[in-house]
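Asks: First, the structure itself, so that you have it in front of you.
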Amino acid sequence: MSDKILEIKDLYFKYSEEYVLEDVSFSLHREEFLGIIGPNGSGKSTLLKLLIGLLKPTKGEIKVYTDRISYIPQKVTTLYHLFPATVEEIVALGRLTDGIIRRFTKEDYILIENALDIVGLKEFKNRKLSELSGGQQQRVHIARAIVSNPELLILDEPTTGVDVINQAKFYELLGHLNRDMHITIIIVSHDISSIASEVTTMAYLDRRLHFIGKPKDFFKKVLWPLEIEELLKR
Amino acid sequence: MGILQYTFMQYALINGILIGVLCPLIGTFLVLKNLSLIADGVAHFSFGGIALGIILGISPNSTLLIFSLIGGLLVNYMVRKSKLFGDTAIAILLSTGLAIGITIISIAKGTNFNINAYLFGSLLAVGRGELIFALSFGIPVIILILIFYRPLLYITFDEDSAKASGLPVEILNTLLVMISAITVAITIRIAGILLTSALIVIPVATGMQISKSFKVTLLSSISVGVVSIILGLFLSYYLNIAPGGAIVLVSVLIFLLSFSRLFH
């Protein structure tokens, strides 16, 4: 296995009184594709925010061995539907990782064009972001990530509000980025079935890390017992 | 155009065009960051500075600017570090500044202080000194925005992603607040404390109605800002009304026109 890109040791985190994350330890290697699932309020999004440095651990340590990180948050921001920017303007923001005060060169625009091609939105370049469907908007964010040439891509519930067919296409695209462009990916999701076909590693988080390993073991050790338990309760 | 032979009108026009460019330029970022009230808070807060300058017998320009900057930094700090909501923080700041100003004025009852000129703006307020002050702070602000245009767009669009990508988000936010405060300080003399934030918000709201891209939004907001100010200043002169009111009414009219365009 190739070298580590991320190492978490004895991580604890609380916003106020109660711990949201407890005793979380794991490491991730380059070119892995990790899918994290867990119920609502299980600390999944918090874990991602800790990874990218938006939050600081209460206890424990997080080591990230790259500074080329791209983060795609949950589809939120209240002014999203009003935001006056074109697809190209948003994707171009990804190029700022190579220096924030500089003139864009021809090469920048070629990279932007290529990224839009990869996500299948070349002809939408000059369209207003808010005119696109939910699935297309998520692809714009992927293109923004691609142009920043990331080693680690982190996504938080990216397919919320996207229809099933486009969800499947979206995960295929992520699989392509992981296998062919060698980008390590961490994704938080609740739709287990769609991420299971693409990820190389699966984690089940509910305040504590209950499982991390191969997807097939996840089904055997975690999901099926959980479902049986659920069935027995009825 | 006989009125242009008056020096005060020339000064007011040059200063007016400057703020017509500046306010929407800053406003586009503030409005989209949901921080448009920040300008209002800073403008009201700076009233304390104006009163202080006058009672101390020093130029209100400098105290106004200092108070604007302090106000901007305070509101930025309160919004980020405390658990107060942005608008609560702004409301506290706004009333504190006004209270400081009113207290100072009531202590210094005897001073010859034309409060109306500061509240509603005045054509006569812009002298040579004011114009030099406005240009020497306003032009660097425009240059800074041109340099930091894309990073500012990034933190406006999605601050978390910008931070994850390694952008100095805190520094950029502070920069945005500082240049907003400077813009407010320059705008108050013409538009008045009460209507300064209108110039920062209304042209942007208009620009957003009619534009597809961020660049075009900026350019169209600036056009609306400059046109409103020029028309407003002329109306103010010929009808003898406060420039702040005239300018804002013109910009509201343009906003309504852009809005009705949607129903065609």
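Just so we're on the same page: first chain in the structure tokens is A, next is B, and so on; residues restart at 1 for each chain, and ligands are numbered from 1 in the order they show up.
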Give me the residues within 12 Å of region 150-153 of chain B as an MDAnalysis selection string, counting only C-alpha atoms and dropping any in the same chain fewer than 6 places off.

Replies: (chainID A and resid 83:85 89:104) or (chainID B and resid 25:26 28:33 144 159 161:163 165:177 179 213:215 218)

Asks: For chain B, work out the contacting residues on chain A at 6 Å, counting only C-alpha atoms, and write them as a list in words.

Replies: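 Result, ordered by chain then number: Ile52, Ile69, Ser70, Tyr71, Pro84, Ala85, Thr86 and Lys128 of chain A.
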
Asks: As a PyMOL selection string, please: the residues near Phe255 (chain B) (cut-off 9 Å, only C-alpha atoms, same-chain neighbours under 6 positions excluded).

Replies: chain B and resi 202-203+205-207+209+224

Asks: Restricting the calculation to only C-alpha atoms: of A:Leu155, A:Tyr15, A:Asp191, A:Leu223, which residue gets closest to Leu55 (chain A)?

Replies: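 The closest residue to Leu55 (chain A) is A:Tyr15.
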
Asks: Excluding same-chain residues fewer than 6 positions from Asn116 (chain B), what lies within 10 Å of it counting only C-alpha atoms, as a short mmCIF file (atom, residue, chain, number, x, y, z; two decimals) with N, CA, C and O atoms, in the first residue's frame?

Replies:
data_model
loop_
_atom_site.label_atom_id
_atom_site.label_comp_id
_atom_site.auth_asym_id
_atom_site.auth_seq_id
_atom_site.Cartn_x
_atom_site.Cartn_y
_atom_site.Cartn_z
N SER B 122 -24.79 66.58 2.41
CA SER B 122 -24.83 67.99 1.99
C SER B 122 -23.94 68.20 0.79
O SER B 122 -22.85 67.64 0.70
N GLY B 192 -24.94 61.22 3.63
CA GLY B 192 -25.47 61.27 4.99
C GLY B 192 -25.43 59.91 5.65
O GLY B 192 -25.45 58.87 4.99
N ILE B 193 -25.37 59.94 6.98
CA ILE B 193 -25.27 58.70 7.76
C ILE B 193 -26.46 57.77 7.49
O ILE B 193 -26.31 56.57 7.31
N ALA B 242 -32.00 67.65 0.02
CA ALA B 242 -30.78 66.98 0.51
C ALA B 242 -30.29 65.97 -0.52
O ALA B 242 -31.09 65.19 -1.06
#

Asks: Hey, which bits of region 152-200 of chain B sit within 8 Å of region 38-42 of chain B, and for each residue what's the closest pair of atoms and how far apart in Å (one decimal), counting only C-alpha atoms, rows by chain and increasing number, as a Markdown table?

Replies:
| residue | atom | partner | partner_atom | distance |
| --- | --- | --- | --- | --- |
| B:Ser180 | CA | B:Ala39 | CA | 6.9 |
| B:Ala181 | CA | B:Val42 | CA | 6.6 |
| B:Val184 | CA | B:Ala39 | CA | 6.6 |
| B:Ile193 | CA | B:Asp40 | CA | 8.0 |
| B:Leu194 | CA | B:Asp40 | CA | 7.6 |
| B:Thr196 | CA | B:Asp40 | CA | 7.0 |
| B:Ser197 | CA | B:Asp40 | CA | 5.0 |
| B:Ile200 | CA | B:Ala39 | CA | 7.4 |

Asks: Could you dump the residues just selected with all heavy atoms as a PDB file, in the first residue's frame?

Replies:
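The resulting result_6.pdb:
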ATOM      1  N   SER B 180     -14.636  48.406   3.439  1.00  0.00           N
ATOM      2  CA  SER B 180     -16.040  48.819   3.553  1.00  0.00           C
ATOM      3  C   SER B 180     -16.139  50.037   4.469  1.00  0.00           C
ATOM      4  O   SER B 180     -16.872  50.980   4.180  1.00  0.00           O
ATOM      5  CB  SER B 180     -16.908  47.703   4.131  1.00  0.00           C
ATOM      6  OG  SER B 180     -16.785  46.538   3.374  1.00  0.00           O
ATOM      7  N   ALA B 181     -15.391  49.987   5.579  1.00  0.00           N
ATOM      8  CA  ALA B 181     -15.427  51.094   6.538  1.00  0.00           C
ATOM      9  C   ALA B 181     -14.902  52.384   5.893  1.00  0.00           C
ATOM     10  O   ALA B 181     -15.470  53.459   6.075  1.00  0.00           O
ATOM     11  CB  ALA B 181     -14.607  50.743   7.769  1.00  0.00           C
ATOM     12  N   VAL B 184     -17.555  53.766   3.615  1.00  0.00           N
ATOM     13  CA  VAL B 184     -18.606  54.437   4.387  1.00  0.00           C
ATOM     14  C   VAL B 184     -18.157  55.845   4.787  1.00  0.00           C
ATOM     15  O   VAL B 184     -18.893  56.828   4.615  1.00  0.00           O
ATOM     16  CB  VAL B 184     -18.975  53.607   5.636  1.00  0.00           C
ATOM     17  CG1 VAL B 184     -19.839  54.427   6.595  1.00  0.00           C
ATOM     18  CG2 VAL B 184     -19.707  52.337   5.240  1.00  0.00           C
ATOM     19  N   ILE B 193     -25.365  59.941   6.982  1.00  0.00           N
ATOM     20  CA  ILE B 193     -25.275  58.704   7.760  1.00  0.00           C
ATOM     21  C   ILE B 193     -26.457  57.774   7.490  1.00  0.00           C
ATOM     22  O   ILE B 193     -26.314  56.570   7.310  1.00  0.00           O
ATOM     23  CB  ILE B 193     -25.226  59.049   9.270  1.00  0.00           C
ATOM     24  CG1 ILE B 193     -23.869  59.651   9.605  1.00  0.00           C
ATOM     25  CG2 ILE B 193     -25.499  57.829  10.140  1.00  0.00           C
ATOM     26  CD1 ILE B 193     -23.815  60.278  10.983  1.00  0.00           C
ATOM     27  N   LEU B 194     -27.638  58.377   7.405  1.00  0.00           N
ATOM     28  CA  LEU B 194     -28.843  57.540   7.331  1.00  0.00           C
ATOM     29  C   LEU B 194     -28.989  56.837   5.986  1.00  0.00           C
ATOM     30  O   LEU B 194     -29.646  55.807   5.886  1.00  0.00           O
ATOM     31  CB  LEU B 194     -30.082  58.393   7.619  1.00  0.00           C
ATOM     32  CG  LEU B 194     -30.104  59.012   9.023  1.00  0.00           C
ATOM     33  CD1 LEU B 194     -31.326  59.879   9.207  1.00  0.00           C
ATOM     34  CD2 LEU B 194     -30.094  57.914  10.076  1.00  0.00           C
ATOM     35  N   THR B 196     -26.278  56.218   3.651  1.00  0.00           N
ATOM     36  CA  THR B 196     -25.057  55.661   3.075  1.00  0.00           C
ATOM     37  C   THR B 196     -25.232  54.189   2.684  1.00  0.00           C
ATOM     38  O   THR B 196     -24.850  53.776   1.591  1.00  0.00           O
ATOM     39  CB  THR B 196     -23.892  55.817   4.077  1.00  0.00           C
ATOM     40  OG1 THR B 196     -23.555  57.197   4.132  1.00  0.00           O
ATOM     41  CG2 THR B 196     -22.685  55.029   3.652  1.00  0.00           C
ATOM     42  N   SER B 197     -25.853  53.431   3.567  1.00  0.00           N
ATOM     43  CA  SER B 197     -25.955  51.998   3.274  1.00  0.00           C
ATOM     44  C   SER B 197     -26.861  51.745   2.075  1.00  0.00           C
ATOM     45  O   SER B 197     -26.707  50.757   1.359  1.00  0.00           O
ATOM     46  CB  SER B 197     -26.447  51.234   4.498  1.00  0.00           C
ATOM     47  OG  SER B 197     -27.792  51.541   4.730  1.00  0.00           O
ATOM     48  N   ILE B 200     -24.902  51.501  -0.923  1.00  0.00           N
ATOM     49  CA  ILE B 200     -24.105  50.272  -0.976  1.00  0.00           C
ATOM     50  C   ILE B 200     -24.989  49.091  -1.391  1.00  0.00           C
ATOM     51  O   ILE B 200     -24.533  48.149  -2.017  1.00  0.00           O
ATOM     52  CB  ILE B 200     -23.419  50.053   0.396  1.00  0.00           C
ATOM     53  CG1 ILE B 200     -22.335  51.134   0.551  1.00  0.00           C
ATOM     54  CG2 ILE B 200     -22.843  48.662   0.548  1.00  0.00           C
ATOM     55  CD1 ILE B 200     -21.544  51.075   1.832  1.00  0.00           C
TER      56      ILE B 200
END

Asks: Hey, what does DSSP flag as helix (DSSP H, G or I) within region 69-204 of chain B? Can you give it to me as a VMD selection string?

Replies: chain B and resid 69 to 81 86 to 107 115 to 120 128 to 147 149 to 157 159 to 164 169 to 191 196 to 204

Asks: What's the 7 Å shell around Val204 (chain B), counting only C-alpha atoms, without same-chain residues fewer than 6 positions away, as a ChimeraX atom specification?

Replies: /B:24,27-28,221

Asks: Put those residues in a file: all heavy atoms, as an mmCIF file, in the first residue's frame.

Replies:
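The result, written out as out24.cif:
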data_model
loop_
_atom_site.group_PDB
_atom_site.id
_atom_site.type_symbol
_atom_site.label_atom_id
_atom_site.label_comp_id
_atom_site.auth_asym_id
_atom_site.auth_seq_id
_atom_site.Cartn_x
_atom_site.Cartn_y
_atom_site.Cartn_z
ATOM 1 N N PRO B 24 -21.092 50.396 -4.844
ATOM 2 C CA PRO B 24 -21.560 49.126 -5.402
ATOM 3 C C PRO B 24 -20.444 48.076 -5.477
ATOM 4 O O PRO B 24 -20.706 46.877 -5.344
ATOM 5 C CB PRO B 24 -22.022 49.497 -6.810
ATOM 6 C CG PRO B 24 -22.199 50.965 -6.795
ATOM 7 C CD PRO B 24 -21.212 51.487 -5.824
ATOM 8 N N GLY B 27 -20.351 46.866 -2.136
ATOM 9 C CA GLY B 27 -21.686 46.361 -1.833
ATOM 10 C C GLY B 27 -21.946 44.979 -2.413
ATOM 11 O O GLY B 27 -22.613 44.154 -1.790
ATOM 12 N N THR B 28 -21.419 44.700 -3.598
ATOM 13 C CA THR B 28 -21.668 43.397 -4.215
ATOM 14 C C THR B 28 -21.181 42.267 -3.313
ATOM 15 O O THR B 28 -21.872 41.268 -3.114
ATOM 16 C CB THR B 28 -20.968 43.312 -5.592
ATOM 17 O OG1 THR B 28 -21.350 44.457 -6.338
ATOM 18 C CG2 THR B 28 -21.386 42.071 -6.349
ATOM 19 N N SER B 221 -23.902 47.281 -11.487
ATOM 20 C CA SER B 221 -24.171 47.958 -10.215
ATOM 21 C C SER B 221 -23.455 49.307 -10.171
ATOM 22 O O SER B 221 -24.014 50.305 -9.715
ATOM 23 C CB SER B 221 -23.681 47.123 -9.031
ATOM 24 O OG SER B 221 -24.169 45.817 -9.106
#

Asks: For CA of Asn114 (chain B) and CA of His44 (chain B), determine how far apart the two atoms are, in Å to one decimal place.

Replies: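 It comes out at 16.3 Å.
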